[in-house]
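Okay, coords30.pdb now, which holds PDB, C-alpha atoms:
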```
ATOM      1  CA  MET A   1    -114.547  38.696 159.453  1.00  0.00           C
ATOM      2  CA  GLU A   2    -117.129  36.097 160.445  1.00  0.00           C
ATOM      3  CA  GLN A   3    -120.238  35.837 158.297  1.00  0.00           C
ATOM      4  CA  GLU A   4    -123.560  36.577 160.003  1.00  0.00           C
ATOM      5  CA  THR A   5    -125.844  33.555 160.364  1.00  0.00           C
ATOM      6  CA  HIS A   6    -129.064  35.360 161.382  1.00  0.00           C
ATOM      7  CA  TYR A   7    -130.956  38.571 160.687  1.00  0.00           C
ATOM      8  CA  GLU A   8    -133.014  40.158 163.470  1.00  0.00           C
ATOM      9  CA  VAL A   9    -136.495  41.430 162.647  1.00  0.00           C
ATOM     10  CA  ASN A  10    -139.270  43.063 164.610  1.00  0.00           C
ATOM     11  CA  ILE A  11    -142.767  41.996 163.609  1.00  0.00           C
ATOM     12  CA  ALA A  12    -145.256  44.371 165.227  1.00  0.00           C
ATOM     13  CA  GLY A  13    -143.346  44.327 168.512  1.00  0.00           C
ATOM     14  CA  VAL A  14    -142.191  40.682 168.363  1.00  0.00           C
ATOM     15  CA  ASN A  15    -138.466  40.077 167.788  1.00  0.00           C
ATOM     16  CA  ARG A  16    -137.201  37.066 165.858  1.00  0.00           C
ATOM     17  CA  GLN A  17    -133.819  35.883 164.571  1.00  0.00           C
ATOM     18  CA  LEU A  18    -134.236  34.702 160.982  1.00  0.00           C
ATOM     19  CA  PRO A  19    -131.649  32.241 159.647  1.00  0.00           C
ATOM     20  CA  LEU A  20    -129.660  33.424 156.638  1.00  0.00           C
ATOM     21  CA  VAL A  21    -129.616  30.816 153.869  1.00  0.00           C
ATOM     22  CA  GLU A  22    -127.590  30.831 150.662  1.00  0.00           C
ATOM     23  CA  ILE A  23    -129.914  30.562 147.655  1.00  0.00           C
ATOM     24  CA  ALA A  24    -127.254  31.190 144.994  1.00  0.00           C
ATOM     25  CA  PRO A  25    -123.466  31.583 145.103  1.00  0.00           C
ATOM     26  CA  GLY A  26    -122.783  34.776 147.065  1.00  0.00           C
ATOM     27  CA  LEU A  27    -126.455  35.511 147.767  1.00  0.00           C
ATOM     28  CA  ARG A  28    -128.276  34.824 151.022  1.00  0.00           C
ATOM     29  CA  ILE A  29    -131.794  35.587 152.198  1.00  0.00           C
ATOM     30  CA  ALA A  30    -133.400  35.701 155.627  1.00  0.00           C
ATOM     31  CA  ILE A  31    -135.877  32.826 155.898  1.00  0.00           C
ATOM     32  CA  PHE A  32    -139.198  33.795 157.484  1.00  0.00           C
ATOM     33  CA  ASN A  33    -141.503  30.940 158.454  1.00  0.00           C
ATOM     34  CA  MET A  34    -144.407  31.785 160.751  1.00  0.00           C
ATOM     35  CA  LEU A  35    -145.880  28.270 160.779  1.00  0.00           C
ATOM     36  CA  GLY A  36    -146.299  27.294 164.412  1.00  0.00           C
ATOM     37  CA  ASP A  37    -145.309  30.757 165.688  1.00  0.00           C
ATOM     38  CA  THR A  38    -148.629  31.897 167.126  1.00  0.00           C
ATOM     39  CA  GLU A  39    -147.119  35.013 168.712  1.00  0.00           C
ATOM     40  CA  VAL A  40    -145.841  36.270 165.351  1.00  0.00           C
ATOM     41  CA  VAL A  41    -149.058  35.352 163.497  1.00  0.00           C
ATOM     42  CA  GLU A  42    -151.209  37.165 166.061  1.00  0.00           C
ATOM     43  CA  ALA A  43    -148.988  40.264 166.162  1.00  0.00           C
ATOM     44  CA  ALA A  44    -148.798  40.441 162.353  1.00  0.00           C
ATOM     45  CA  ALA A  45    -152.565  40.016 162.002  1.00  0.00           C
ATOM     46  CA  ASP A  46    -153.225  42.749 164.586  1.00  0.00           C
ATOM     47  CA  ALA A  47    -150.950  45.185 162.759  1.00  0.00           C
ATOM     48  CA  LEU A  48    -151.994  44.322 159.194  1.00  0.00           C
ATOM     49  CA  SER A  49    -155.720  44.350 159.981  1.00  0.00           C
ATOM     50  CA  GLN A  50    -155.391  48.055 160.836  1.00  0.00           C
ATOM     51  CA  LYS A  51    -153.879  48.836 157.413  1.00  0.00           C
ATOM     52  CA  LEU A  52    -156.218  46.975 155.066  1.00  0.00           C
ATOM     53  CA  PRO A  53    -159.051  48.487 153.038  1.00  0.00           C
ATOM     54  CA  PRO A  54    -162.628  47.173 153.173  1.00  0.00           C
ATOM     55  CA  ALA A  55    -163.041  43.853 151.353  1.00  0.00           C
ATOM     56  CA  ASP A  56    -165.308  40.836 151.033  1.00  0.00           C
ATOM     57  CA  VAL A  57    -162.854  37.908 150.941  1.00  0.00           C
ATOM     58  CA  LEU A  58    -159.227  37.100 151.756  1.00  0.00           C
ATOM     59  CA  VAL A  59    -157.284  34.805 149.404  1.00  0.00           C
ATOM     60  CA  THR A  60    -154.018  33.100 150.330  1.00  0.00           C
ATOM     61  CA  PRO A  61    -151.748  30.460 148.811  1.00  0.00           C
ATOM     62  CA  GLU A  62    -151.104  27.314 150.785  1.00  0.00           C
ATOM     63  CA  VAL A  63    -149.143  26.706 153.082  1.00  0.00           C
ATOM     64  CA  LYS A  64    -147.156  29.214 155.114  1.00  0.00           C
ATOM     65  CA  ALA A  65    -149.594  32.152 154.891  1.00  0.00           C
ATOM     66  CA  ILE A  66    -152.708  30.177 155.918  1.00  0.00           C
ATOM     67  CA  PRO A  67    -152.367  30.984 159.649  1.00  0.00           C
ATOM     68  CA  LEU A  68    -152.108  34.698 158.808  1.00  0.00           C
ATOM     69  CA  ALA A  69    -155.173  34.552 156.535  1.00  0.00           C
ATOM     70  CA  TYR A  70    -157.108  32.785 159.290  1.00  0.00           C
ATOM     71  CA  ALA A  71    -156.082  35.347 161.933  1.00  0.00           C
ATOM     72  CA  LEU A  72    -156.961  38.232 159.587  1.00  0.00           C
ATOM     73  CA  SER A  73    -160.269  36.508 158.824  1.00  0.00           C
ATOM     74  CA  VAL A  74    -161.146  36.486 162.522  1.00  0.00           C
ATOM     75  CA  ARG A  75    -160.188  40.145 163.010  1.00  0.00           C
ATOM     76  CA  LEU A  76    -161.891  41.432 159.870  1.00  0.00           C
ATOM     77  CA  GLY A  77    -164.928  39.147 159.967  1.00  0.00           C
ATOM     78  CA  LEU A  78    -164.241  37.937 156.430  1.00  0.00           C
ATOM     79  CA  PRO A  79    -164.114  34.479 154.877  1.00  0.00           C
ATOM     80  CA  TYR A  80    -160.835  33.288 153.403  1.00  0.00           C
ATOM     81  CA  VAL A  81    -160.076  31.064 150.450  1.00  0.00           C
ATOM     82  CA  VAL A  82    -156.926  28.990 149.973  1.00  0.00           C
ATOM     83  CA  ALA A  83    -155.317  28.662 146.549  1.00  0.00           C
ATOM     84  CA  ARG A  84    -154.043  25.088 146.595  1.00  0.00           C
ATOM     85  CA  LYS A  85    -150.793  23.839 145.068  1.00  0.00           C
ATOM     86  CA  THR A  86    -152.244  20.483 144.062  1.00  0.00           C
ATOM     87  CA  LEU A  87    -155.551  19.578 142.500  1.00  0.00           C
ATOM     88  CA  LYS A  88    -157.545  17.426 144.915  1.00  0.00           C
ATOM     89  CA  PRO A  89    -160.238  14.935 143.844  1.00  0.00           C
ATOM     90  CA  TYR A  90    -162.906  16.829 145.798  1.00  0.00           C
ATOM     91  CA  MET A  91    -162.227  20.051 143.841  1.00  0.00           C
ATOM     92  CA  ILE A  92    -165.045  20.129 141.306  1.00  0.00           C
ATOM     93  CA  GLY A  93    -164.890  22.789 138.581  1.00  0.00           C
ATOM     94  CA  ALA A  94    -161.481  24.084 139.741  1.00  0.00           C
ATOM     95  CA  ILE A  95    -159.620  26.826 137.905  1.00  0.00           C
ATOM     96  CA  SER A  96    -155.841  27.177 137.779  1.00  0.00           C
ATOM     97  CA  ALA A  97    -152.917  29.509 137.076  1.00  0.00           C
ATOM     98  CA  GLU A  98    -149.215  28.726 136.732  1.00  0.00           C
ATOM     99  CA  VAL A  99    -146.495  30.478 138.749  1.00  0.00           C
ATOM    100  CA  LEU A 100    -142.723  30.097 139.068  1.00  0.00           C
ATOM    101  CA  SER A 101    -141.944  29.112 142.652  1.00  0.00           C
ATOM    102  CA  ILE A 102    -138.941  30.826 144.229  1.00  0.00           C
ATOM    103  CA  THR A 103    -138.782  28.027 146.803  1.00  0.00           C
ATOM    104  CA  THR A 104    -138.445  25.228 144.257  1.00  0.00           C
ATOM    105  CA  GLY A 105    -137.310  27.253 141.214  1.00  0.00           C
ATOM    106  CA  LYS A 106    -139.825  25.312 139.127  1.00  0.00           C
ATOM    107  CA  PRO A 107    -143.186  26.127 137.589  1.00  0.00           C
ATOM    108  CA  GLN A 108    -146.039  25.477 139.972  1.00  0.00           C
ATOM    109  CA  THR A 109    -149.786  25.573 139.479  1.00  0.00           C
ATOM    110  CA  LEU A 110    -152.240  27.207 141.871  1.00  0.00           C
ATOM    111  CA  TYR A 111    -155.817  25.886 141.980  1.00  0.00           C
ATOM    112  CA  LEU A 112    -159.077  27.325 143.231  1.00  0.00           C
ATOM    113  CA  ASP A 113    -161.855  24.948 144.137  1.00  0.00           C
ATOM    114  CA  GLY A 114    -164.982  25.478 142.080  1.00  0.00           C
ATOM    115  CA  LYS A 115    -166.987  25.839 145.304  1.00  0.00           C
ATOM    116  CA  ASP A 116    -165.141  29.109 145.997  1.00  0.00           C
ATOM    117  CA  LEU A 117    -165.943  30.725 142.661  1.00  0.00           C
ATOM    118  CA  ALA A 118    -169.399  31.993 143.675  1.00  0.00           C
ATOM    119  CA  LEU A 119    -167.884  33.601 146.782  1.00  0.00           C
ATOM    120  CA  LEU A 120    -165.241  35.355 144.674  1.00  0.00           C
ATOM    121  CA  ARG A 121    -167.306  36.499 141.688  1.00  0.00           C
ATOM    122  CA  ASN A 122    -167.424  40.341 141.770  1.00  0.00           C
ATOM    123  CA  ALA A 123    -166.059  40.302 145.335  1.00  0.00           C
ATOM    124  CA  LYS A 124    -163.476  42.760 146.649  1.00  0.00           C
ATOM    125  CA  VAL A 125    -160.486  40.578 147.517  1.00  0.00           C
ATOM    126  CA  ILE A 126    -157.296  41.018 149.534  1.00  0.00           C
ATOM    127  CA  LEU A 127    -154.410  38.732 148.554  1.00  0.00           C
ATOM    128  CA  VAL A 128    -152.505  37.549 151.665  1.00  0.00           C
ATOM    129  CA  ASP A 129    -148.979  36.081 151.652  1.00  0.00           C
ATOM    130  CA  ASP A 130    -146.137  35.666 154.130  1.00  0.00           C
ATOM    131  CA  VAL A 131    -143.246  37.089 152.081  1.00  0.00           C
ATOM    132  CA  VAL A 132    -143.279  38.670 148.629  1.00  0.00           C
ATOM    133  CA  SER A 133    -139.911  37.833 147.062  1.00  0.00           C
ATOM    134  CA  THR A 134    -140.330  37.818 143.290  1.00  0.00           C
ATOM    135  CA  GLY A 135    -144.058  38.491 143.088  1.00  0.00           C
ATOM    136  CA  SER A 136    -144.695  35.272 141.145  1.00  0.00           C
ATOM    137  CA  THR A 137    -147.168  33.859 143.670  1.00  0.00           C
ATOM    138  CA  LEU A 138    -149.068  37.156 143.726  1.00  0.00           C
ATOM    139  CA  HIS A 139    -149.132  37.152 139.911  1.00  0.00           C
ATOM    140  CA  GLY A 140    -150.560  33.627 139.969  1.00  0.00           C
ATOM    141  CA  MET A 141    -153.172  34.585 142.551  1.00  0.00           C
ATOM    142  CA  GLN A 142    -154.037  37.693 140.504  1.00  0.00           C
ATOM    143  CA  ALA A 143    -154.513  35.487 137.421  1.00  0.00           C
ATOM    144  CA  LEU A 144    -156.836  33.237 139.458  1.00  0.00           C
ATOM    145  CA  MET A 145    -158.801  36.277 140.644  1.00  0.00           C
ATOM    146  CA  ASP A 146    -159.105  37.509 137.052  1.00  0.00           C
ATOM    147  CA  LYS A 147    -160.485  34.104 136.013  1.00  0.00           C
ATOM    148  CA  ALA A 148    -162.868  34.145 139.008  1.00  0.00           C
ATOM    149  CA  ALA A 149    -164.058  37.697 138.174  1.00  0.00           C
ATOM    150  CA  ALA A 150    -162.877  38.974 141.576  1.00  0.00           C
ATOM    151  CA  ILE A 151    -161.607  42.506 142.193  1.00  0.00           C
ATOM    152  CA  VAL A 152    -158.252  42.681 143.998  1.00  0.00           C
ATOM    153  CA  VAL A 153    -158.347  45.747 146.280  1.00  0.00           C
ATOM    154  CA  ALA A 154    -155.093  45.071 148.171  1.00  0.00           C
ATOM    155  CA  LYS A 155    -152.095  42.779 148.437  1.00  0.00           C
ATOM    156  CA  THR A 156    -150.562  42.195 151.848  1.00  0.00           C
ATOM    157  CA  ALA A 157    -147.676  40.275 153.387  1.00  0.00           C
ATOM    158  CA  VAL A 158    -145.680  40.307 156.582  1.00  0.00           C
ATOM    159  CA  PHE A 159    -142.534  41.106 154.577  1.00  0.00           C
ATOM    160  CA  THR A 160    -141.426  42.110 151.133  1.00  0.00           C
ATOM    161  CA  GLU A 161    -137.923  41.123 150.075  1.00  0.00           C
ATOM    162  CA  GLY A 162    -135.254  42.928 148.085  1.00  0.00           C
ATOM    163  CA  ASP A 163    -135.741  46.422 146.675  1.00  0.00           C
ATOM    164  CA  PRO A 164    -138.563  48.071 148.690  1.00  0.00           C
ATOM    165  CA  GLU A 165    -139.320  50.428 145.780  1.00  0.00           C
ATOM    166  CA  LYS A 166    -140.417  47.410 143.753  1.00  0.00           C
ATOM    167  CA  TRP A 167    -143.111  46.581 146.320  1.00  0.00           C
ATOM    168  CA  LYS A 168    -144.821  49.954 146.901  1.00  0.00           C
ATOM    169  CA  ASP A 169    -148.204  48.387 146.136  1.00  0.00           C
ATOM    170  CA  ILE A 170    -147.828  45.738 148.884  1.00  0.00           C
ATOM    171  CA  ILE A 171    -149.138  46.476 152.378  1.00  0.00           C
ATOM    172  CA  ALA A 172    -146.370  44.961 154.511  1.00  0.00           C
ATOM    173  CA  LEU A 173    -144.906  45.273 157.982  1.00  0.00           C
ATOM    174  CA  GLY A 174    -141.292  45.300 156.819  1.00  0.00           C
ATOM    175  CA  ASN A 175    -138.741  44.561 154.138  1.00  0.00           C
ATOM    176  CA  LEU A 176    -136.085  41.862 154.199  1.00  0.00           C
ATOM    177  CA  PRO A 177    -132.824  42.823 152.453  1.00  0.00           C
ATOM    178  CA  LEU A 178    -130.859  40.520 150.192  1.00  0.00           C
ATOM    179  CA  PHE A 179    -127.413  39.639 151.527  1.00  0.00           C
ATOM    180  CA  ALA A 180    -124.665  39.663 148.881  1.00  0.00           C
ATOM    181  CA  ASP A 181    -121.342  38.267 150.121  1.00  0.00           C
TER     182      ASP A 181
END
```

Could you render the structure as structure tokens?
Amino acid sequence: MEQETHYEVNIAGVNRQLPLVEIAPGLRIAIFNMLGDTEVVEAAADALSQKLPPADVLVTPEVKAIPLAYALSVRLGLPYVVARKTLKPYMIGAISAEVLSITTGKPQTLYLDGKDLALLRNAKVILVDDVVSTGSTLHGMQALMDKAAAIVVAKTAVFTEGDPEKWKDIIALGNLPLFAD
């Protein structure tokens, strides 16, 4: 029997074929990357914007979820803040939190520019990501929000991955299964 190479998903009415990639012996995942896919970003933002509670600010990690945060920002009339993966020289008074990246398998640090702290202090925040796989990025963003004295009112992503029961607190459009060979 020939092994499948793609997994078909429907994102708010838009169909895509996601490549299946082996991440460990006998384990594959469907890779979702919406960078450059305006149709998917727009459809996902339309659908997610209808499901989100009132908030003051959106917060997203760089890179792949930035287009979604921007599109949600436009629809909801909210500013968005990007948690950076590197500390830039222009970031004065930055705060940080460490996460374990599923993409690299290594510890990674998320940074918030000091200029964003006033916007976040006591603000109702929605954390925005593309896919929630292990939850480590969300944990890192939550730690940043705790340090910034922000109140997380929702966590959203286009997809969760793995056991859907584990992600009941995530507002998502779908769940990507794990593929064990």

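Of the residues under consideration (A:Leu176, A:Leu18, A:Leu76, A:Leu138), A:Leu76 shows the shortest atom-to-atom contact distance to Pro53 (chain A) when counting only C-alpha atoms.
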
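Of the residues under consideration (A:Leu173, A:Ala12, A:Ile151, A:Val158), A:Ile151 shows the shortest atom-to-atom contact distance to Leu120 (chain A) when counting only C-alpha atoms.
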
*Name the residues in contact with region 143-146 of chain A at a cut-off of 12 Å, using all atoms listed in the file, excluding same-chain residues fewer than 5 positions from it; report them as a PyMOL selection string.*
chain A and resi 57-61+81-84+94-99+109-114+116-127+136-138+151-153

*Could you give me, as a PyMOL selection string, the residues that have an atom at most 9 Å away from the point (-143.8, 33.7, 153.2) in the coordinates of the file, using all atoms listed in the file?*
chain A and resi 31-34+63-65+129-133+157-160

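Between CA of Lys85 (chain A) and CA of Leu52 (chain A) there is a distance of 25.8 Å.
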
_Between CA of Leu27 (chain A) and CA of Ala180 (chain A), what distance in Å does the model show, to one decimal?_
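About the pair CA of Leu27 (chain A) and CA of Ala180 (chain A): they are 4.7 Å apart.
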
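The gap separating CA of His139 (chain A) from CA of Leu87 (chain A) is 18.9 Å, in Å to one decimal.
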
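Minimum atom-to-atom distance to Ala172 (chain A), evaluated using all atoms listed in the file, belongs to A:Gln50 out of A:Gln50, A:Thr134, A:Thr86, A:Thr5.
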
*With distances taken over only C-alpha atoms, which of A:Gln142, A:Gln108, A:Asn15, A:Thr156 is nearest to Leu68 (chain A)?*
A:Thr156

*Using all atoms listed in the file, which residue out of A:Met91, A:Leu20, A:Leu78, A:Val40 lies closest to Ala55 (chain A)?*
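With all atoms listed in the file as the atom set, the closest residue is A:Leu78.
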
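Here the question is which of A:Pro107, A:Gln3, A:Val9, A:Glu165 gets nearest to Val21 (chain A) using only C-alpha atoms, and that residue is A:Gln3.
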
What residues come out when you apply the PyMOL selection byres ((chain A and resi 181) around 12) to this file, written as a CSV table (one decimal) with C-alpha atoms, keeping the file's coordinate frame?
```
chain,number,residue,atom,x,y,z
A,1,MET,CA,-114.5,38.7,159.5
A,2,GLU,CA,-117.1,36.1,160.4
A,3,GLN,CA,-120.2,35.8,158.3
A,4,GLU,CA,-123.6,36.6,160.0
A,20,LEU,CA,-129.7,33.4,156.6
A,21,VAL,CA,-129.6,30.8,153.9
A,22,GLU,CA,-127.6,30.8,150.7
A,23,ILE,CA,-129.9,30.6,147.7
A,24,ALA,CA,-127.3,31.2,145.0
A,25,PRO,CA,-123.5,31.6,145.1
A,26,GLY,CA,-122.8,34.8,147.1
A,27,LEU,CA,-126.5,35.5,147.8
A,28,ARG,CA,-128.3,34.8,151.0
A,29,ILE,CA,-131.8,35.6,152.2
A,178,LEU,CA,-130.9,40.5,150.2
A,179,PHE,CA,-127.4,39.6,151.5
A,180,ALA,CA,-124.7,39.7,148.9
```

_Set the distance at 8 Å and use only C-alpha atoms: which residues neighbour Ala43 (chain A) once local chain neighbours fewer than 5 positions away are removed? I'd like the list as a list in words._
Ile11, Ala12, Gly13 and Val14 of chain A
